[in-house]
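Shown next: data-v9.txt, containing compact mmCIF, C-alpha atoms.
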# COMPACT_ATOMS: atom_id res chain seq x y z
CA MET A 1 47.37 48.36 -20.57
CA ASP A 2 50.85 46.90 -21.10
CA ASN A 3 51.27 46.48 -17.35
CA LEU A 4 48.22 44.26 -16.96
CA SER A 5 48.67 40.58 -16.18
CA ASP A 6 47.65 37.93 -18.73
CA GLN A 7 44.59 37.08 -16.68
CA GLU A 8 43.44 40.68 -16.54
CA LEU A 9 44.04 41.11 -20.24
CA VAL A 10 42.00 38.03 -21.07
CA ARG A 11 39.23 39.19 -18.76
CA ARG A 12 39.17 42.50 -20.62
CA ILE A 13 39.01 40.73 -23.98
CA GLN A 14 36.20 38.56 -22.66
CA ASP A 15 34.36 41.73 -21.62
CA GLY A 16 34.54 43.01 -25.18
CA ASP A 17 37.77 45.01 -25.32
CA VAL A 18 39.19 43.82 -28.64
CA LEU A 19 42.12 46.24 -28.36
CA ALA A 20 43.37 44.38 -25.30
CA PHE A 21 44.08 41.46 -27.60
CA GLU A 22 46.58 43.61 -29.47
CA VAL A 23 48.62 43.91 -26.28
CA PHE A 24 48.37 40.16 -25.85
CA VAL A 25 49.58 39.55 -29.41
CA ARG A 26 52.56 41.88 -28.92
CA ARG A 27 53.39 40.21 -25.64
CA TYR A 28 53.38 36.65 -26.95
CA GLN A 29 54.27 36.68 -30.61
CA LYS A 30 58.07 36.56 -30.10
CA ARG A 31 57.86 33.73 -27.60
CA LEU A 32 55.46 31.86 -29.84
CA TRP A 33 57.69 32.40 -32.85
CA PHE A 34 60.65 31.02 -30.94
CA PHE A 35 58.61 28.07 -29.66
CA VAL A 36 57.16 27.15 -33.06
CA SER A 37 60.47 27.57 -34.86
CA LYS A 38 61.84 24.76 -32.69
CA ILE A 39 59.26 22.44 -34.25
CA VAL A 40 58.93 23.83 -37.78
CA TYR A 41 61.90 25.15 -39.71
CA GLN A 42 60.33 27.06 -42.60
CA ALA A 43 59.87 30.76 -41.77
CA HIS A 44 56.64 31.17 -43.76
CA LEU A 45 55.10 28.19 -41.97
CA VAL A 46 56.16 29.48 -38.58
CA GLU A 47 54.48 32.79 -39.34
CA GLU A 48 51.27 31.08 -40.41
CA ILE A 49 51.24 28.85 -37.35
CA VAL A 50 51.82 31.76 -34.96
CA GLN A 51 49.03 33.72 -36.65
CA ASP A 52 46.69 30.73 -36.54
CA THR A 53 47.53 30.10 -32.88
CA LEU A 54 46.76 33.65 -31.83
CA PHE A 55 43.62 33.73 -33.94
CA SER A 56 42.44 30.40 -32.46
CA LEU A 57 43.00 31.80 -29.00
CA TYR A 58 40.85 34.81 -29.83
CA ARG A 59 38.09 32.63 -31.26
CA THR A 60 37.91 30.59 -28.07
CA ILE A 61 38.74 33.40 -25.66
CA GLU A 62 35.30 33.31 -24.04
CA LYS A 63 35.91 29.75 -22.88
CA VAL A 64 39.35 30.46 -21.43
CA ASP A 65 39.51 29.96 -17.68
CA THR A 66 41.23 33.06 -16.29
CA THR A 67 42.07 31.30 -13.03
CA LYS A 68 44.54 29.09 -14.90
CA THR A 69 47.77 29.95 -16.70
CA ILE A 70 46.91 31.29 -20.12
CA SER A 71 50.37 30.86 -21.59
CA THR A 72 50.18 27.08 -21.09
CA TYR A 73 46.94 27.00 -23.04
CA LEU A 74 48.41 29.22 -25.76
CA PHE A 75 51.53 27.10 -26.18
CA SER A 76 49.50 23.92 -26.29
CA ILE A 77 47.45 25.41 -29.15
CA ALA A 78 50.72 26.34 -30.89
CA LYS A 79 52.15 22.87 -30.38
CA HIS A 80 49.09 21.18 -31.84
CA ALA A 81 48.93 23.63 -34.73
CA ALA A 82 52.60 23.03 -35.51
CA ILE A 83 52.24 19.24 -35.35
CA ASP A 84 49.13 19.32 -37.54
CA ARG A 85 50.92 21.48 -40.08
CA LEU A 86 53.96 19.19 -40.05
CA ARG A 87 51.73 16.21 -40.61
CA LYS A 88 50.08 17.89 -43.58
CA GLU A 89 53.42 18.92 -45.03
CA LYS A 90 54.79 15.44 -44.50
CA LYS A 91 51.89 13.97 -46.42
CA THR A 92 52.40 16.42 -49.27
CA VAL A 93 56.08 15.60 -49.45
CA ARG A 94 55.32 11.94 -49.39
CA LEU A 95 52.89 12.17 -52.27
CA ASP A 96 55.49 14.11 -54.25
CA ASP A 97 58.09 11.50 -53.47
CA ILE A 98 55.74 8.78 -54.60
CA GLU A 99 55.09 10.57 -57.87
CA PHE A 100 58.84 10.90 -58.54
CA ALA A 101 59.40 7.33 -57.50
CA TYR A 102 56.77 6.14 -59.94
CA GLU A 103 58.36 8.13 -62.74
CA ASP A 104 61.69 6.38 -62.11
CA GLU A 105 60.28 2.91 -61.69
CA SER A 106 60.12 0.37 -64.41
CA LEU A 107 56.78 -1.16 -65.33
CA TYR A 108 57.78 -4.42 -63.63
CA GLU A 109 58.53 -2.61 -60.36
CA GLN A 110 55.24 -0.74 -60.55
CA LEU A 111 53.33 -3.96 -61.04
CA THR A 112 55.17 -5.62 -58.18
CA ARG A 113 54.37 -2.70 -55.93
CA GLN A 114 50.67 -2.78 -56.89
CA GLU A 115 50.56 -6.52 -56.36
CA PHE A 116 52.12 -6.15 -52.93
CA ALA A 117 49.65 -3.38 -52.02
CA GLN A 118 46.76 -5.62 -53.06
CA LYS A 119 48.15 -8.44 -50.95
CA ILE A 120 48.31 -6.18 -47.91
CA GLN A 121 44.78 -4.94 -48.53
CA SER A 122 43.39 -8.47 -48.81
CA ALA A 123 45.35 -9.57 -45.72
CA LEU A 124 43.92 -6.64 -43.80
CA LYS A 125 40.41 -7.69 -44.74
CA LYS A 126 40.99 -11.08 -43.15
CA ILE A 127 41.96 -9.84 -39.68
CA PRO A 128 39.41 -8.70 -37.06
CA LEU A 129 37.89 -5.27 -37.53
CA SER A 130 39.32 -3.89 -34.27
CA GLN A 131 42.82 -4.76 -35.47
CA GLN A 132 42.12 -3.46 -38.97
CA ASN A 133 41.09 -0.07 -37.59
CA VAL A 134 44.19 0.24 -35.45
CA ILE A 135 46.54 -0.72 -38.27
CA ARG A 136 44.89 1.65 -40.72
CA LEU A 137 45.05 4.55 -38.30
CA TYR A 138 48.64 3.82 -37.32
CA PHE A 139 50.18 3.14 -40.73
CA PHE A 140 47.96 4.97 -43.18
CA LYS A 141 46.75 7.95 -41.15
CA GLU A 142 50.01 8.07 -39.17
CA LEU A 143 48.30 8.73 -35.84
CA SER A 144 50.05 8.16 -32.52
CA TYR A 145 48.89 5.56 -29.96
CA GLU A 146 47.29 8.32 -27.94
CA GLU A 147 45.43 9.74 -30.94
CA ILE A 148 44.21 6.29 -31.95
CA SER A 149 43.07 5.69 -28.39
CA ARG A 150 41.09 8.93 -28.47
CA THR A 151 39.70 8.32 -31.96
CA LEU A 152 38.50 4.79 -31.24
CA GLY A 153 37.67 5.42 -27.59
CA ILE A 154 39.79 2.53 -26.33
CA PRO A 155 42.65 2.43 -23.81
CA ILE A 156 46.23 2.91 -25.10
CA ASN A 157 47.21 -0.58 -23.94
CA THR A 158 44.43 -2.07 -26.07
CA VAL A 159 45.74 -0.06 -29.04
CA ARG A 160 49.20 -1.47 -28.43
CA THR A 161 47.93 -5.06 -28.11
CA ASN A 162 45.69 -4.80 -31.17
CA LEU A 163 48.51 -3.37 -33.24
CA ARG A 164 50.93 -6.10 -32.18
CA ARG A 165 48.38 -8.81 -32.93
CA ALA A 166 47.48 -7.19 -36.25
CA LYS A 167 51.14 -7.08 -37.33
CA ILE A 168 51.60 -10.76 -36.47
CA ALA A 169 48.38 -11.70 -38.27
CA VAL A 170 49.25 -9.73 -41.43
CA LYS A 171 52.77 -11.16 -41.45
CA LYS A 172 51.37 -14.68 -41.30
CA LEU A 173 48.91 -14.00 -44.11
CA LEU A 174 51.63 -12.57 -46.38
CA MET B 175 65.17 32.52 -38.23
CA ARG B 176 64.21 36.17 -37.60
CA ASN B 177 60.74 36.84 -36.40
CA LYS B 178 58.68 39.71 -37.75
CA ASP B 179 55.90 41.77 -36.23
CA ILE B 180 52.61 40.09 -37.10
CA THR B 181 50.41 42.14 -34.77
CA LYS B 182 48.73 43.94 -37.66
CA GLN B 183 47.99 40.75 -39.60
CA VAL B 184 46.55 39.02 -36.54
CA MET B 185 44.51 42.05 -35.52
CA ASN B 186 43.12 42.53 -39.03
CA ARG B 187 42.04 38.91 -39.03
CA VAL B 188 40.54 39.26 -35.55
CA VAL B 189 38.69 42.46 -36.51
CA ARG B 190 37.21 40.87 -39.66
CA PHE B 191 36.16 37.80 -37.71
CA GLU B 192 34.70 39.75 -34.81
CA GLU B 193 32.74 42.09 -37.07
CA ALA B 194 31.21 39.16 -38.90
CA ARG B 195 30.47 37.26 -35.67
CA SER B 196 28.97 40.26 -33.88
CA SER B 197 26.82 41.35 -36.80
CA THR B 198 25.55 37.78 -37.24
CA TRP B 199 24.69 37.69 -33.54
CA PHE B 200 22.82 40.99 -33.76
CA LYS B 201 20.96 39.81 -36.85
CA LYS B 202 19.85 36.67 -35.02
CA TYR B 203 18.90 38.71 -31.96
CA TRP B 204 16.75 41.12 -33.96
CA ALA B 205 15.26 38.29 -36.02
CA ILE B 206 14.07 36.58 -32.81
CA LEU B 207 12.62 39.85 -31.46
CA ILE B 208 10.91 40.63 -34.76
CA ILE B 209 9.43 37.13 -35.02
CA LEU B 210 8.12 37.37 -31.46
CA GLY B 211 6.82 40.89 -32.18
CA ILE B 212 5.04 39.72 -35.32
CA GLY B 213 3.55 36.84 -33.29
CA ILE B 214 2.24 39.25 -30.68
CA VAL B 215 0.76 41.59 -33.29
CA TYR B 216 -0.85 38.65 -35.11
CA ALA B 217 -2.34 37.27 -31.89
CA GLY B 218 -3.50 40.79 -30.99
CA ILE B 219 -5.24 41.13 -34.35
CA ARG B 220 -6.93 37.76 -33.85
CA ILE B 221 -8.16 38.89 -30.43
CA TYR B 222 -9.47 42.13 -31.92
CA VAL B 223 -11.20 40.23 -34.72
CA GLY B 224 -12.66 37.90 -32.08
CA TYR B 225 -14.16 40.89 -30.28
CA ARG B 226 -15.46 42.35 -33.52
CA GLU B 227 -17.47 39.18 -34.07
CA PHE B 228 -19.63 40.19 -31.14
CA ASP B 229 -20.29 43.54 -32.78
CA GLU B 230 -24.09 43.22 -32.84
CA GLU B 231 -24.54 42.69 -29.16
CA PHE B 232 -21.21 44.11 -28.05
CA MET B 233 -21.99 44.73 -24.43
CA VAL B 234 -18.62 46.15 -23.63
CA ALA B 235 -19.22 49.03 -26.00
CA TRP B 236 -22.39 49.75 -24.15
CA TYR B 237 -20.58 49.78 -20.84
CA PHE B 238 -18.03 52.25 -22.19
CA GLN B 239 -20.60 54.64 -23.53
CA ASP B 240 -21.44 56.06 -20.19
CA TRP B 241 -18.50 56.83 -17.87
CA GLU B 242 -20.68 57.00 -14.74
CA MET B 243 -22.22 53.70 -15.60
CA PHE B 244 -18.77 52.26 -16.25
CA GLN B 245 -17.58 53.45 -12.84
CA ILE B 246 -20.39 51.53 -11.24
CA VAL B 247 -20.13 48.35 -13.23
CA TRP B 248 -16.44 48.27 -14.23
CA ARG B 249 -15.91 44.90 -12.55
CA ASP B 250 -18.74 43.41 -14.58
CA ALA B 251 -17.31 45.05 -17.70
CA LEU B 252 -13.89 43.53 -17.07
CA ASP B 253 -15.49 40.14 -16.39
CA PHE B 254 -17.32 40.43 -19.67
CA ILE B 255 -14.19 41.40 -21.59
CA TRP B 256 -12.36 38.48 -19.98
CA MET B 257 -15.20 36.13 -20.90
CA LEU B 258 -15.10 37.19 -24.55
CA LEU B 259 -11.32 36.99 -24.72
CA PRO B 260 -10.16 34.19 -27.07
CA MET B 261 -7.90 32.42 -24.60
CA TYR B 262 -5.77 30.64 -27.18
CA TRP B 263 -4.61 33.91 -28.72
CA ALA B 264 -4.37 35.61 -25.35
CA TYR B 265 -1.88 32.94 -24.28
CA GLY B 266 -0.04 33.62 -27.51
CA VAL B 267 0.30 37.30 -26.65
CA GLY B 268 1.39 36.44 -23.11
CA ILE B 269 4.00 33.95 -24.24
CA GLY B 270 5.25 36.38 -26.89
CA ILE B 271 5.68 39.20 -24.39
CA MET B 272 7.37 36.85 -21.93
CA GLY B 273 9.67 35.64 -24.71
CA ILE B 274 10.69 39.18 -25.60
CA VAL B 275 11.35 40.06 -21.96
CA ILE B 276 13.40 36.87 -21.46
CA VAL B 277 15.43 37.44 -24.62
CA ILE B 278 16.12 41.07 -23.72
CA LEU B 279 17.09 40.31 -20.12
CA SER B 280 19.12 37.18 -20.80
CA THR B 281 21.19 38.83 -23.52
CA TYR B 282 21.90 42.01 -21.60
CA THR B 283 25.56 41.21 -20.82
CA LYS B 284 26.18 39.76 -24.25
CA ARG B 285 24.74 42.84 -25.95
CA LYS B 286 26.85 45.09 -23.75
CA ASN B 287 29.98 43.09 -24.65
CA ILE B 288 29.21 43.09 -28.34
CA LYS B 289 28.57 46.84 -28.38
CA LYS B 290 31.89 47.32 -26.60
CA LYS B 291 33.59 45.02 -29.12
CA LEU B 292 32.18 46.97 -32.06
CA GLN B 293 33.23 50.25 -30.46
CA SER B 294 36.79 49.04 -29.93
CA ILE B 295 36.85 47.75 -33.51
CA GLN B 296 35.89 51.23 -34.70
CA THR B 297 38.66 52.73 -32.53
CA TYR B 298 41.12 50.26 -34.07
CA LYS B 299 40.01 51.14 -37.59
CA ARG B 300 40.24 54.90 -36.99
CA ARG B 301 43.94 54.64 -36.06
Could you spell out this file's structure in structure tokens?
Amino acid sequence: MDNLSDQELVRRIQDGDVLAFEVFVRRYQKRLWFFVSKIVYQAHLVEEIVQDTLFSLYRTIEKVDTTKTISTYLFSIAKHAAIDRLRKEKKTVRLDDIEFAYEDESLYEQLTRQEFAQKIQSALKKIPLSQQNVIRLYFFKELSYEEISRTLGIPINTVRTNLRRAKIAVKKLL
Amino acid sequence: MRNKDITKQVMNRVVRFEEARSSTWFKKYWAILIILGIGIVYAGIRIYVGYREFDEEFMVAWYFQDWEMFQIVWRDALDFIWMLLPMYWAYGVGIGIMGIVIVILSTYTKRKNIKKKLQSIQTYKRR
């Protein structure tokens, strides 16, 4: 079975041969590991991401188009999984940082920070909803232009314009 | 960063997932067949009960008593049975049977695949 092409292997898996997936895993795990380790640097995370990627592929194997290149699909799953994981990790780190920062801050600094946060919140409420959504997704959810465009169902250029206008409006209000 | 062999971990996860998914599918499949079967039996009972209501003057029984007579008048007998048939429940039986046939035929490939999956899972476990 080791000599079979990716397409043939996937077709076999789609036909119910679970063992064919083992060959697929052996074939791709090193390449995936190498690919993911270029994005994520912690070994335990890389392992998890590679496992998740291969498992996700298996879960959706019935929908895989065998006329197209399977490796491209696999690496795109890996890329998204790695980015998602990085985003989660980043958020965790940030929260930790905030906690430490608060411990070090004086009461005055904490109050100033809270006051500033309130000001931003009230300024946000005053700008149009379309701009509010974009700014929240960009700064608070840390989504890219493309992701915001997909989430809100608007063109990327509109995202860009709304964000620019929102920044100007908030700046004026502050 | 050195990579390690994760084939076993991935395959164990896949096997657990596939077993759960396949058994859920089979449960749903059998549940549908059993529900349709129960529907057919229920409709059949209602038809039988409907016939029993004509017990006093049950002409069909009379037709069946004498084979020679039945051979002569079998068309009339069938017409009579048809006339007494409670159509509502008869449609129920028909739809139920059609449903079972459709479910069995339309899931043929899927069932074959799932059986194959479960067999290969067993092979994997036996290793």
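Taking CA of Arg11 (chain A) and CA of Thr66 (chain A) as the two end points, the separation is 6.9 Å.
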Self-check item: Test item: residues at most 10 Å from Ile206 (chain B), all atoms listed in the file, excluding those fewer than 4 positions along its chain, as number ranges by chain
Solution: B: 200-202, 210-212, 273-274, 277
Practice problem: Considering all atoms listed in the file, return as number ranges by chain whatever protein or nucleic-acid residues lie within 9 Å of region 284-292 of chain B, sequence-local ones (same chain, fewer than 5 positions apart) excluded. | Solution: A: 13-19; B: 192-193, 196-197, 199-200, 297
Practice problem: May I ask you to extract the residues of chain A within 12 Å of chain B, using all atoms listed in the file, and to give them as JSON, numbers by chain? | Solution: {"A": [11, 12, 13, 14, 15, 16, 17, 18, 19, 20, 21, 22, 23, 24, 25, 26, 27, 28, 29, 30, 31, 32, 33, 34, 35, 36, 37, 38, 40, 41, 42, 43, 44, 45, 46, 47, 48, 49, 50, 51, 52, 53, 54, 55, 56, 57, 58, 59, 60, 61, 62]}
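Relative to CA of Gly266 (chain B), CA of Asp253 (chain B) is found at 20.1 Å.
CA of Val215 (chain B) is found 18.9 Å from CA of Trp256 (chain B).
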Quiz prompt | Shell around Lys171 (chain A) at 10 Å using all atoms listed in the file, local window under 5 positions removed, as a list in words | solution =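 My reading of the contact set: Ile120, Ala123, Arg165 and Ala166 of chain A.
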